[in-house]
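What follows is the content of start_35.txt (compact mmCIF, C-alpha atoms).
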```txt
# COMPACT_ATOMS: atom_id res chain seq x y z
CA MET O 1 0.00 0.00 0.00
CA GLU O 2 2.73 2.40 1.00
CA ASP O 3 4.57 1.61 -2.25
CA VAL O 4 1.50 2.51 -4.30
CA ARG O 5 1.27 5.89 -2.61
CA GLN O 6 5.01 6.46 -3.01
CA LEU O 7 4.74 5.68 -6.71
CA ILE O 8 1.91 8.16 -7.17
CA VAL O 9 3.62 10.84 -5.09
CA ARG O 10 6.96 10.49 -6.96
CA ARG O 11 5.16 10.90 -10.28
CA ALA O 12 3.01 13.76 -9.03
CA VAL O 13 5.98 15.85 -7.88
CA LYS O 14 7.08 16.11 -11.52
CA GLU O 15 4.01 18.30 -12.11
CA ILE O 16 5.60 21.01 -9.97
CA LYS O 17 7.89 23.38 -11.87
CA ASP O 18 10.38 25.85 -10.44
CA GLY O 19 8.69 29.15 -9.57
CA MET O 20 5.15 27.83 -9.20
CA ASN O 21 2.58 28.73 -6.54
CA VAL O 22 0.96 25.44 -5.58
CA ASN O 23 -1.88 24.22 -3.38
CA LEU O 24 -1.58 20.63 -2.15
CA GLY O 25 -4.74 18.98 -0.83
CA ILE O 26 -5.10 17.20 2.50
CA GLY O 27 -3.91 13.57 2.71
CA MET O 28 -1.71 11.98 0.02
CA PRO O 29 -1.09 15.29 -1.84
CA THR O 30 0.53 16.72 1.32
CA LEU O 31 3.27 14.07 1.01
CA ILE O 32 4.37 15.63 -2.30
CA ALA O 33 5.85 18.60 -0.41
CA ASN O 34 8.70 16.42 0.90
CA GLU O 35 9.71 15.43 -2.65
CA ILE O 36 10.03 18.91 -4.19
CA PRO O 37 13.65 19.42 -5.33
CA ALA O 38 15.57 21.53 -2.81
CA ASP O 39 16.76 24.01 -5.46
CA PHE O 40 13.21 24.83 -6.60
CA HIS O 41 11.62 28.09 -5.50
CA VAL O 42 8.05 26.93 -4.96
CA MET O 43 5.50 28.64 -2.71
CA LEU O 44 2.94 26.28 -1.18
CA GLN O 45 -0.42 27.84 -0.38
CA SER O 46 -2.55 26.92 2.59
CA GLU O 47 -6.10 28.11 2.02
CA ASN O 48 -6.57 29.13 5.66
CA GLY O 49 -4.25 32.05 4.92
CA LEU O 50 -0.58 31.37 4.19
CA LEU O 51 1.49 31.46 1.02
CA GLY O 52 4.83 29.80 1.87
CA ILE O 53 4.27 26.70 3.99
CA GLY O 54 7.43 25.42 5.69
CA PRO O 55 8.17 22.06 7.33
CA PHE O 56 6.54 20.85 10.53
CA PRO O 57 8.00 22.59 13.61
CA VAL O 58 10.50 20.83 15.86
CA GLU O 59 9.00 19.68 19.12
CA GLY O 60 8.49 22.52 21.55
CA GLU O 61 8.17 25.15 18.79
CA GLU O 62 4.58 24.40 17.77
CA ASP O 63 2.55 27.61 17.45
CA PRO O 64 -1.25 27.29 17.84
CA ASP O 65 -1.62 30.40 15.65
CA LEU O 66 0.17 28.71 12.75
CA ILE O 67 -1.59 25.75 11.14
CA ASN O 68 -2.27 24.41 7.66
CA ALA O 69 -5.63 23.61 6.07
CA GLY O 70 -5.46 20.13 7.62
CA LYS O 71 -5.20 21.87 11.04
CA GLU O 72 -1.64 20.57 11.54
CA THR O 73 1.01 22.74 13.18
CA ILE O 74 3.46 24.04 10.56
CA THR O 75 6.09 26.74 10.01
CA GLU O 76 6.43 29.45 7.38
CA VAL O 77 9.33 29.90 4.94
CA PRO O 78 11.24 33.16 4.38
CA GLY O 79 9.28 35.32 1.94
CA SER O 80 5.92 33.96 2.99
CA SER O 81 2.76 36.01 3.58
CA PHE O 82 -0.30 35.70 5.78
CA PHE O 83 -3.76 36.84 4.69
CA ASP O 84 -7.43 36.37 5.46
CA SER O 85 -9.76 33.73 4.00
CA ALA O 86 -11.40 36.07 1.46
CA GLU O 87 -7.99 37.08 0.12
CA SER O 88 -6.94 33.43 0.07
CA PHE O 89 -9.86 32.41 -2.09
CA ALA O 90 -9.55 35.51 -4.27
CA MET O 91 -6.08 34.13 -5.02
CA ILE O 92 -7.60 30.73 -5.82
CA ARG O 93 -10.75 31.87 -7.65
CA GLY O 94 -8.87 34.53 -9.56
CA GLY O 95 -6.59 31.96 -11.19
CA HIS O 96 -3.40 33.00 -9.40
CA ILE O 97 -2.61 29.51 -8.11
CA ASP O 98 -0.62 27.76 -10.84
CA LEU O 99 -1.40 24.22 -9.75
CA ALA O 100 -3.70 22.40 -7.35
CA ILE O 101 -3.08 18.72 -6.61
CA LEU O 102 -5.99 16.96 -4.93
CA GLY O 103 -6.99 13.44 -3.95
CA GLY O 104 -9.99 11.83 -5.64
CA MET O 105 -12.69 9.25 -5.04
CA GLU O 106 -13.84 9.10 -8.69
CA VAL O 107 -12.83 10.81 -11.93
CA SER O 108 -14.93 10.62 -15.10
CA GLU O 109 -13.77 10.51 -18.71
CA THR O 110 -14.94 14.11 -19.15
CA GLY O 111 -12.76 15.34 -16.28
CA ASP O 112 -15.46 15.47 -13.58
CA LEU O 113 -14.14 14.97 -10.05
CA ALA O 114 -15.94 13.51 -7.03
CA ASN O 115 -14.04 13.68 -3.77
CA TRP O 116 -16.19 15.21 -1.05
CA MET O 117 -19.11 13.01 -0.05
CA ILE O 118 -20.47 9.49 -0.02
CA PRO O 119 -24.29 9.37 0.20
CA GLY O 120 -25.44 7.50 3.30
CA LYS O 121 -22.27 8.34 5.18
CA MET O 122 -21.81 11.39 7.37
CA VAL O 123 -21.28 14.41 5.15
CA LYS O 124 -18.38 16.43 6.50
CA GLY O 125 -18.30 19.17 3.91
CA MET O 126 -16.32 20.16 0.86
CA GLY O 127 -13.97 22.62 2.58
CA GLY O 128 -12.09 24.48 -0.15
CA ALA O 129 -12.06 21.69 -2.74
CA MET O 130 -14.84 23.09 -4.97
CA ASP O 131 -13.18 26.50 -5.05
CA LEU O 132 -9.77 25.01 -5.83
CA VAL O 133 -10.91 22.84 -8.74
CA SER O 134 -12.84 25.67 -10.37
CA GLY O 135 -10.23 28.36 -9.71
CA ALA O 136 -6.70 26.99 -10.00
CA LYS O 137 -4.99 27.34 -13.39
CA ARG O 138 -4.26 23.63 -13.49
CA VAL O 139 -5.87 20.76 -11.55
CA VAL O 140 -4.12 17.42 -11.10
CA VAL O 141 -5.88 14.57 -9.30
CA ILE O 142 -3.96 11.73 -7.69
CA MET O 143 -5.66 8.53 -6.55
CA GLU O 144 -5.46 4.76 -6.66
CA HIS O 145 -6.82 3.39 -9.93
CA VAL O 146 -9.26 0.88 -8.39
CA ASN O 147 -11.02 0.70 -5.03
CA LYS O 148 -10.49 -2.01 -2.45
CA HIS O 149 -13.09 -4.19 -4.21
CA GLY O 150 -11.08 -3.93 -7.44
CA GLU O 151 -13.63 -1.64 -9.11
CA SER O 152 -12.40 1.16 -11.36
CA LYS O 153 -12.43 4.67 -9.89
CA VAL O 154 -11.83 6.05 -13.40
CA LYS O 155 -15.40 6.00 -14.73
CA LYS O 156 -17.60 6.91 -17.67
CA SER O 157 -19.45 9.22 -15.30
CA CYS O 158 -19.10 9.72 -11.56
CA ASP O 159 -21.64 7.97 -9.32
CA LEU O 160 -20.73 10.12 -6.32
CA PRO O 161 -21.79 13.78 -6.00
CA LEU O 162 -19.42 16.03 -7.94
CA THR O 163 -16.83 18.41 -6.59
CA GLY O 164 -16.44 19.96 -10.03
CA GLN O 165 -17.59 19.36 -13.60
CA GLY O 166 -14.96 19.05 -16.33
CA VAL O 167 -12.30 20.48 -14.04
CA VAL O 168 -9.51 17.87 -14.09
CA HIS O 169 -6.54 18.52 -16.40
CA ARG O 170 -4.47 15.46 -15.48
CA LEU O 171 -5.05 12.26 -13.51
CA ILE O 172 -2.19 10.29 -11.96
CA THR O 173 -2.95 6.81 -10.61
CA ASP O 174 -0.80 3.88 -9.53
CA LEU O 175 -1.11 2.46 -13.07
CA ALA O 176 -1.02 5.39 -15.46
CA VAL O 177 -1.27 9.07 -16.26
CA PHE O 178 -4.15 10.56 -18.28
CA ASP O 179 -4.85 13.99 -19.75
CA PHE O 180 -8.32 15.45 -20.33
CA THR O 181 -8.58 17.25 -23.65
CA PRO O 182 -11.42 18.74 -25.71
CA ASP O 183 -11.23 15.47 -27.69
CA GLY O 184 -11.63 13.29 -24.61
CA MET O 185 -9.47 11.40 -22.19
CA VAL O 186 -5.99 10.38 -23.33
CA LEU O 187 -3.57 7.86 -21.83
CA ILE O 188 -0.18 9.55 -21.90
CA GLU O 189 1.96 7.37 -19.61
CA THR O 190 2.01 3.92 -18.08
CA HIS O 191 4.06 3.14 -15.00
CA PRO O 192 6.91 0.58 -15.13
CA GLY O 193 5.64 -2.96 -15.73
CA VAL O 194 2.09 -1.83 -16.55
CA SER O 195 0.78 -2.69 -20.04
CA VAL O 196 -1.82 -0.68 -21.93
CA ASP O 197 -4.05 -3.75 -21.75
CA LYS O 198 -3.75 -3.79 -17.96
CA VAL O 199 -4.80 -0.11 -17.88
CA LYS O 200 -7.77 -0.85 -20.18
CA GLU O 201 -8.88 -3.75 -17.98
CA SER O 202 -8.79 -1.56 -14.88
CA THR O 203 -10.56 1.45 -16.40
CA GLU O 204 -14.31 1.87 -16.91
CA ALA O 205 -13.84 5.17 -18.75
CA SER O 206 -13.22 5.28 -22.51
CA PHE O 207 -9.89 6.76 -23.44
CA ARG O 208 -7.58 6.98 -26.39
CA VAL O 209 -3.90 6.03 -26.23
CA SER O 210 -1.57 8.88 -27.08
CA SER O 211 0.67 8.37 -30.10
CA ASP O 212 3.44 9.71 -27.85
CA LEU O 213 2.69 7.26 -25.05
CA ILE O 214 5.50 7.07 -22.53
CA SER O 215 5.78 3.53 -21.23
CA GLN O 216 8.55 2.42 -18.97
CA MET B 1 -15.55 58.83 21.24
CA ALA B 2 -17.77 56.18 22.73
CA ASP B 3 -15.85 53.76 24.89
CA LYS B 4 -15.91 50.34 23.26
CA ILE B 5 -13.93 48.57 25.93
CA MET B 6 -15.94 46.29 28.21
CA ASP B 7 -14.72 44.33 31.23
CA SER B 8 -17.36 41.63 31.35
CA PHE B 9 -17.78 39.01 28.64
CA ALA B 10 -21.20 38.25 30.13
CA ASP B 11 -22.28 41.86 29.59
CA ALA B 12 -20.87 41.83 26.06
CA VAL B 13 -23.19 38.98 25.02
CA ALA B 14 -26.18 39.85 27.23
CA ASP B 15 -28.29 41.21 24.35
CA ILE B 16 -27.70 38.18 22.10
CA LYS B 17 -31.20 36.68 22.13
CA ASP B 18 -32.60 33.25 21.27
CA GLY B 19 -32.72 32.73 17.50
CA ALA B 20 -29.96 35.22 16.69
CA THR B 21 -27.61 34.77 13.73
CA LEU B 22 -23.94 34.90 14.71
CA ILE B 23 -20.96 35.02 12.38
CA VAL B 24 -17.94 33.59 14.16
CA GLY B 25 -14.26 33.82 13.19
CA GLY B 26 -11.70 31.01 13.29
CA PHE B 27 -10.44 28.08 11.25
CA GLY B 28 -10.56 24.79 13.12
CA LEU B 29 -9.56 25.80 16.65
CA CYS B 30 -7.19 28.49 15.38
CA GLY B 31 -8.21 32.10 15.99
CA ILE B 32 -11.55 31.31 17.64
CA PRO B 33 -13.15 33.71 20.16
CA GLU B 34 -12.80 31.30 23.06
CA LYS B 35 -13.91 33.67 25.83
CA LEU B 36 -17.03 34.84 23.95
CA ILE B 37 -17.98 31.20 23.34
CA PHE B 38 -17.73 30.54 27.10
CA ALA B 39 -19.90 33.61 27.75
CA LEU B 40 -22.56 32.32 25.30
CA ARG B 41 -22.49 28.91 27.01
CA ASP B 42 -23.07 30.64 30.35
CA SER B 43 -25.82 32.91 29.00
CA GLY B 44 -27.77 29.82 27.84
CA VAL B 45 -29.03 31.55 24.68
CA LYS B 46 -30.67 29.01 22.31
CA ASP B 47 -31.71 28.35 18.72
CA LEU B 48 -28.66 30.11 17.34
CA THR B 49 -27.83 30.13 13.66
CA ILE B 50 -24.05 30.15 13.44
CA VAL B 51 -22.02 31.00 10.35
CA SER B 52 -18.48 29.72 10.86
CA ASN B 53 -16.09 27.68 8.73
CA ASN B 54 -16.05 24.80 11.26
CA CYS B 55 -17.86 23.80 14.43
CA GLY B 56 -15.03 23.11 16.85
CA VAL B 57 -14.42 19.69 18.41
CA ASP B 58 -16.56 17.88 20.96
CA ASP B 59 -15.33 19.80 24.00
CA TRP B 60 -13.80 22.97 22.57
CA GLY B 61 -14.71 25.96 20.45
CA LEU B 62 -18.23 26.02 19.00
CA GLY B 63 -18.48 22.32 19.94
CA ILE B 64 -19.18 23.56 23.47
CA LEU B 65 -22.37 25.32 22.31
CA LEU B 66 -23.33 22.29 20.25
CA ALA B 67 -22.94 19.93 23.22
CA ASN B 68 -25.09 22.36 25.20
CA ARG B 69 -27.79 22.21 22.48
CA GLN B 70 -27.71 25.96 21.85
CA ILE B 71 -27.25 25.76 18.07
CA LYS B 72 -30.18 25.27 15.67
CA LYS B 73 -28.35 25.70 12.39
CA MET B 74 -24.74 25.74 11.19
CA ILE B 75 -23.57 27.32 7.95
CA SER B 76 -20.05 25.92 7.42
CA SER B 77 -17.66 24.43 4.88
CA TYR B 78 -16.31 21.53 6.93
CA VAL B 79 -17.68 20.00 10.09
CA GLY B 80 -16.01 16.61 10.24
CA GLU B 81 -14.17 16.89 13.54
CA ASN B 82 -17.11 16.52 15.85
CA LYS B 83 -19.04 13.43 17.03
CA ILE B 84 -21.79 15.39 18.78
CA PHE B 85 -22.32 17.24 15.50
CA GLU B 86 -22.88 13.96 13.69
CA GLN B 87 -25.37 12.72 16.31
CA GLN B 88 -27.42 15.93 16.30
CA PHE B 89 -27.34 16.13 12.50
CA LEU B 90 -28.45 12.54 11.98
CA SER B 91 -31.25 12.91 14.56
CA GLY B 92 -32.53 16.01 12.76
CA GLU B 93 -31.95 18.30 15.75
CA LEU B 94 -29.37 20.33 13.88
CA GLU B 95 -29.74 21.93 10.45
CA VAL B 96 -26.62 22.18 8.34
CA ASP B 97 -25.96 24.28 5.28
CA LEU B 98 -22.65 23.30 3.67
CA VAL B 99 -21.00 26.04 1.63
CA PRO B 100 -17.70 25.86 -0.27
CA GLN B 101 -15.05 27.56 1.82
CA GLY B 102 -14.19 30.30 -0.67
CA THR B 103 -17.87 30.98 -1.33
CA LEU B 104 -18.48 31.19 2.43
CA ALA B 105 -15.60 33.65 2.84
CA GLU B 106 -16.81 35.79 -0.07
CA ARG B 107 -20.44 35.71 1.12
CA ILE B 108 -19.31 37.10 4.47
CA ARG B 109 -17.01 39.65 2.83
CA ALA B 110 -19.80 40.70 0.45
CA GLY B 111 -22.31 40.98 3.30
CA GLY B 112 -19.97 43.27 5.20
CA ALA B 113 -19.25 45.32 2.08
CA GLY B 114 -22.92 45.95 1.22
CA ILE B 115 -22.91 43.61 -1.76
CA PRO B 116 -26.09 41.49 -1.75
CA GLY B 117 -24.85 38.87 -4.20
CA PHE B 118 -22.09 37.85 -6.59
CA TYR B 119 -21.46 35.27 -9.31
CA THR B 120 -18.88 32.51 -8.95
CA ALA B 121 -17.80 29.44 -10.92
CA THR B 122 -17.36 27.48 -7.70
CA GLY B 123 -19.90 24.67 -7.52
CA VAL B 124 -21.19 24.93 -11.11
CA GLY B 125 -22.46 21.51 -12.18
CA THR B 126 -22.61 20.23 -8.58
CA ALA B 127 -25.35 19.89 -5.96
CA ILE B 128 -24.34 23.34 -4.66
CA ALA B 129 -25.73 24.95 -7.82
CA GLU B 130 -29.22 23.47 -7.46
CA GLY B 131 -31.89 26.17 -7.36
CA LYS B 132 -29.42 28.98 -7.98
CA GLU B 133 -29.49 31.48 -10.82
CA VAL B 134 -26.92 30.72 -13.53
CA LYS B 135 -25.49 33.49 -15.67
CA MET B 136 -23.04 33.24 -18.55
CA PHE B 137 -19.99 35.52 -18.64
CA ASN B 138 -17.60 35.17 -21.59
CA GLY B 139 -19.22 31.87 -22.50
CA LYS B 140 -18.78 30.29 -19.06
CA PRO B 141 -21.49 29.59 -16.46
CA TYR B 142 -21.44 31.17 -13.00
CA ILE B 143 -23.90 30.82 -10.12
CA LEU B 144 -25.38 33.55 -7.95
CA GLU B 145 -24.40 33.46 -4.28
CA GLU B 146 -25.76 35.84 -1.65
CA GLY B 147 -23.95 37.98 0.90
CA ILE B 148 -24.35 37.15 4.58
CA VAL B 149 -24.95 39.63 7.40
CA GLY B 150 -25.23 38.54 11.03
CA ASP B 151 -26.99 40.05 14.04
CA PHE B 152 -23.64 39.77 15.80
CA ALA B 153 -20.10 39.01 14.67
CA LEU B 154 -17.66 37.41 17.11
CA VAL B 155 -14.00 37.99 16.39
CA LYS B 156 -10.69 36.98 17.94
CA ALA B 157 -7.65 39.18 17.27
CA TRP B 158 -4.16 39.32 18.73
CA LYS B 159 -3.95 43.02 19.63
CA ALA B 160 -6.26 45.99 19.58
CA ASP B 161 -5.93 49.64 20.41
CA GLU B 162 -8.58 51.47 22.42
CA TYR B 163 -10.44 52.49 19.26
CA GLY B 164 -10.83 48.85 18.22
CA ASN B 165 -8.27 48.72 15.44
CA LEU B 166 -7.29 45.06 15.25
CA VAL B 167 -4.15 43.12 14.40
CA TYR B 168 -4.17 39.35 13.96
CA ARG B 169 -1.32 36.89 14.28
CA LYS B 170 -0.24 34.41 11.57
CA THR B 171 -2.97 32.00 10.39
CA ALA B 172 -5.20 32.95 13.33
CA ARG B 173 -6.34 35.77 11.02
CA ASN B 174 -8.34 33.44 8.70
CA PHE B 175 -12.06 34.40 8.63
CA ASN B 176 -11.80 37.02 11.41
CA PRO B 177 -11.27 40.21 9.32
CA LEU B 178 -14.25 39.43 7.07
CA VAL B 179 -16.40 38.35 9.99
CA ALA B 180 -15.62 41.66 11.71
CA THR B 181 -17.25 43.56 8.84
CA ALA B 182 -20.43 41.48 8.66
CA GLY B 183 -22.09 41.88 12.04
CA LYS B 184 -24.73 44.49 12.87
CA VAL B 185 -22.81 44.46 16.16
CA THR B 186 -19.22 43.22 16.14
CA ILE B 187 -17.66 42.02 19.37
CA ALA B 188 -13.89 41.52 19.35
CA GLU B 189 -11.83 39.75 21.99
CA VAL B 190 -8.08 40.22 21.99
CA GLU B 191 -5.03 39.15 23.94
CA GLU B 192 -3.87 42.71 24.58
CA ILE B 193 -5.38 46.20 24.32
CA VAL B 194 -2.81 48.96 23.82
CA LYS B 195 -3.18 52.74 23.87
CA GLN B 196 -4.47 54.53 20.81
CA GLY B 197 -1.48 55.40 18.64
CA GLU B 198 0.62 52.41 19.69
CA LEU B 199 -0.36 50.32 16.67
CA SER B 200 1.11 51.46 13.37
CA PRO B 201 -1.71 52.66 11.07
CA ASP B 202 0.10 50.89 8.23
CA GLN B 203 -0.21 47.55 10.02
CA ILE B 204 -3.91 47.53 10.98
CA HIS B 205 -5.80 44.52 9.60
CA THR B 206 -9.29 45.52 10.76
CA PRO B 207 -10.03 49.25 11.06
CA GLY B 208 -11.80 50.04 14.33
CA ILE B 209 -14.90 51.33 12.56
CA TYR B 210 -16.10 47.73 12.33
CA VAL B 211 -15.76 47.00 16.05
CA GLN B 212 -18.47 48.05 18.52
CA ARG B 213 -17.39 46.10 21.62
CA LEU B 214 -13.86 45.23 22.65
CA LEU B 215 -12.65 42.93 25.41
CA GLN B 216 -9.29 41.72 26.63
CA GLY B 217 -9.24 38.01 27.50
CA GLN B 218 -6.92 36.38 30.00
CA ASP B 219 -5.03 33.08 29.84
CA TYR B 220 -5.81 32.01 26.29
CA GLU B 221 -5.74 28.25 26.02
CA LYS B 222 -5.37 28.09 22.19
CA ARG B 223 -5.78 24.37 21.81
CA ILE B 224 -3.98 22.63 18.97
CA GLU B 225 -6.15 20.25 16.94
CA ARG B 226 -3.33 18.29 15.24
CA ARG B 227 0.07 18.64 16.82
CA THR B 228 2.59 17.66 14.13
CA VAL B 229 6.35 17.95 14.62
CA ARG B 230 9.58 16.88 12.95
CA LYS B 231 12.75 15.60 14.53
CA ALA B 232 15.37 18.25 15.23
CA ASN B 233 18.41 17.86 12.96
```
Written as structure tokens, that's how I'd like the structure from this file.
Amino acid sequence: MEDVRQLIVRRAVKEIKDGMNVNLGIGMPTLIANEIPADFHVMLQSENGLLGIGPFPVEGEEDPDLINAGKETITEVPGSSFFDSAESFAMIRGGHIDLAILGGMEVSETGDLANWMIPGKMVKGMGGAMDLVSGAKRVVVIMEHVNKHGESKVKKSCDLPLTGQGVVHRLITDLAVFDFTPDGMVLIETHPGVSVDKVKESTEASFRVSSDLISQ
Amino acid sequence: MADKIMDSFADAVADIKDGATLIVGGFGLCGIPEKLIFALRDSGVKDLTIVSNNCGVDDWGLGILLANRQIKKMISSYVGENKIFEQQFLSGELEVDLVPQGTLAERIRAGGAGIPGFYTATGVGTAIAEGKEVKMFNGKPYILEEGIVGDFALVKAWKADEYGNLVYRKTARNFNPLVATAGKVTIAEVEEIVKQGELSPDQIHTPGIYVQRLLQGQDYEKRIERRTVRKAN
């Protein structure tokens, strides 16, 4: 299990380019922060009001006034800024965040994302996810390709309530990488040891295989 | 100049009546008006509608008012940290209106700025858009969201001067500056009140015009919801 997440995280970090302002979602996306090359100048945004998230504090230096969107104690990097929640989402809604990387429950072949509620279970709320997927310049979703029953999470259409409609630019799973284009969903990469047939078997959505497919 | 400074938190909330709508600052347990929440618990006021990003945890923050059955409705973006919340929601005791976080922030900001509504792409094509006006701008759909104004706004800041100019600290700022603008009466609690002129006018986050009542709290507990640390090198 840990290996699957590591695989996804290592691929996802390649989405981050030097100089970007990036929002990483709660959970697996948070792990990407540790993999960003040390010589990159990247500002990580926390939607509760910080641009420039630093590492966790050392024990004894936790500050209750300094947390991330997952409510964890953090630090700030040199050059960071604090702001209020309206400013934070103006930044997001206004298209100033270069890249948002979020976890997913389901992604459809038209780039719909469902990641905030399961009917019948306690609904906790969408937090900032709906704002992020409709506002960030680029939205990358990372998730495992199939659920624990072996069913595809990459679907023709989402069964779960949507977080956003046609909002996903790229999907990275433990099997492959897909892009969402005006002409539909395209397989652009397979991970080492994964055949195109294996991806097809594991995917409910219809997709086309890129002529420039990268397979390792 | 009317004196805004009050000594008693009980007096500061005494005219908050049953059924009032309160807009409350904070994100998780960070930057919440902890003393005003205690005062509301002690006043016993009921049937409150509370607009706040979260609803505390079972025994802290707004969770205290929930456990005491003083809240009728919550308007929030994320409420997952609270077992009592789940129980009251599932039993139908508690109404919940879930709003995307950025839309919630902007609705409060708009309310305080005299803007009755605005269009946003957030939530288009989702359950959030149901029943809302859709308007096309440059070929893209946006939904109409309405501004929020509260009977009272409860704010926590780091420092104030005697006029009620407020300064927040780090991410404890969060919703507080917008909340401060959106109450018919805004009550601010702070860790320290300094003399007028001691705060730099360039550094004020909330101009005192928005603040009607000002209190200095003692011994802030500032609970941490998720203490995360790394090993020292």
Write out as a CSV table (one decimal) with C-alpha atoms, in the coordinates of the input which residues come within 9 Å of Glu93 in chain B when counting only C-alpha atoms, dropping same-chain ones fewer than 6 positions away.
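Final output, saved to around-v8.csv:
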```csv
chain,number,residue,atom,x,y,z
B,69,ARG,CA,-27.8,22.2,22.5
B,72,LYS,CA,-30.2,25.3,15.7
B,73,LYS,CA,-28.4,25.7,12.4
B,87,GLN,CA,-25.4,12.7,16.3
```
message = Please report the interatomic distance between CA of Val149 in chain B and CA of Ile204 in chain B in Å with one decimal.
response = 22.8 Å
Distance-based interface of chain B with chain O, 8 Å, counting all atoms listed in the file, as a PyMOL selection string = chain B and resi 27-28+30-31+76-80+86+98-103+105-106+109+121-127+169-178+222-232
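The two atoms in question, CA of Val154 in chain O and CA of Leu99 in chain O, are spaced 21.3 Å apart.
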request  = Find the spatial neighbours of Leu48 in chain B, counting only C-alpha atoms, within a cut-off of 8 Å - ignore same-chain residues fewer than 4 positions away - and output them as a ChimeraX atom specification.
outcome  = /B:18-22,70-73
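With all atoms listed in the file as the basis for measurement, B:Ile5 is the residue among B:Met136, B:Val45, B:Ala110, B:Ile5 that approaches Glu189 in chain B most closely.
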message = Can you pull out the residues contacting range 197-199 of chain O? Cut-off 8 Å, using all atoms listed in the file, and skip same-chain residues under 6 positions away; I want them as a ChimeraX atom specification.
response = /O:175-176,190
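Interatomic distance, CA of Lys140 in chain B to CA of Ile97 in chain O: 19.5 Å.
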Asp151 in chain B surroundings by all atoms listed in the file, 12 Å radius, close-in-sequence under 5 positions cut, as a compact mmCIF listing (two decimals) with C-alpha atoms, in the coordinates of the input:
```txt
# COMPACT_ATOMS: atom_id res chain seq x y z
CA VAL B 13 -23.19 38.98 25.02
CA ASP B 15 -28.29 41.21 24.35
CA ILE B 16 -27.70 38.18 22.10
CA LYS B 17 -31.20 36.68 22.13
CA ASP B 18 -32.60 33.25 21.27
CA GLY B 19 -32.72 32.73 17.50
CA ALA B 20 -29.96 35.22 16.69
CA THR B 21 -27.61 34.77 13.73
CA LEU B 22 -23.94 34.90 14.71
CA ILE B 23 -20.96 35.02 12.38
CA VAL B 24 -17.94 33.59 14.16
CA LEU B 48 -28.66 30.11 17.34
CA THR B 49 -27.83 30.13 13.66
CA ILE B 50 -24.05 30.15 13.44
CA VAL B 51 -22.02 31.00 10.35
CA GLY B 111 -22.31 40.98 3.30
CA GLY B 112 -19.97 43.27 5.20
CA VAL B 179 -16.40 38.35 9.99
CA ALA B 180 -15.62 41.66 11.71
CA THR B 181 -17.25 43.56 8.84
CA ALA B 182 -20.43 41.48 8.66
CA GLY B 183 -22.09 41.88 12.04
CA LYS B 184 -24.73 44.49 12.87
CA VAL B 185 -22.81 44.46 16.16
CA THR B 186 -19.22 43.22 16.14
CA ILE B 187 -17.66 42.02 19.37
```
request  = Determine, counting all atoms listed in the file, which protein, DNA and RNA residues have an atom within 12 Å of an atom of Glu15 in chain O; residues of the same chain fewer than 6 positions away are not included. Present the result as a ChimeraX atom specification.
outcome  = /O:8-9,21-22,24,29,32-33,35-37,42,98-101,138-142,169-172,177
Would you output that residue set with C-alpha atoms, as a compact mmCIF listing (two decimals), in the frame of the given file?
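Here's the written file part_20.txt:
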```
# COMPACT_ATOMS: atom_id res chain seq x y z
CA ILE O 8 1.91 8.16 -7.17
CA VAL O 9 3.62 10.84 -5.09
CA ASN O 21 2.58 28.73 -6.54
CA VAL O 22 0.96 25.44 -5.58
CA LEU O 24 -1.58 20.63 -2.15
CA PRO O 29 -1.09 15.29 -1.84
CA ILE O 32 4.37 15.63 -2.30
CA ALA O 33 5.85 18.60 -0.41
CA GLU O 35 9.71 15.43 -2.65
CA ILE O 36 10.03 18.91 -4.19
CA PRO O 37 13.65 19.42 -5.33
CA VAL O 42 8.05 26.93 -4.96
CA ASP O 98 -0.62 27.76 -10.84
CA LEU O 99 -1.40 24.22 -9.75
CA ALA O 100 -3.70 22.40 -7.35
CA ILE O 101 -3.08 18.72 -6.61
CA ARG O 138 -4.26 23.63 -13.49
CA VAL O 139 -5.87 20.76 -11.55
CA VAL O 140 -4.12 17.42 -11.10
CA VAL O 141 -5.88 14.57 -9.30
CA ILE O 142 -3.96 11.73 -7.69
CA HIS O 169 -6.54 18.52 -16.40
CA ARG O 170 -4.47 15.46 -15.48
CA LEU O 171 -5.05 12.26 -13.51
CA ILE O 172 -2.19 10.29 -11.96
CA VAL O 177 -1.27 9.07 -16.26
```
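Ranking B:Phe85, B:Tyr220, B:Tyr142, B:Phe38 by their shortest atom-to-atom distance to Gly56 in chain B, with all atoms listed in the file included, puts B:Phe85 first.
Nearest residue to Glu145 in chain B, choosing from B:Cys55, B:Ala10, B:Val167, B:Leu104 and counting only C-alpha atoms: B:Leu104.
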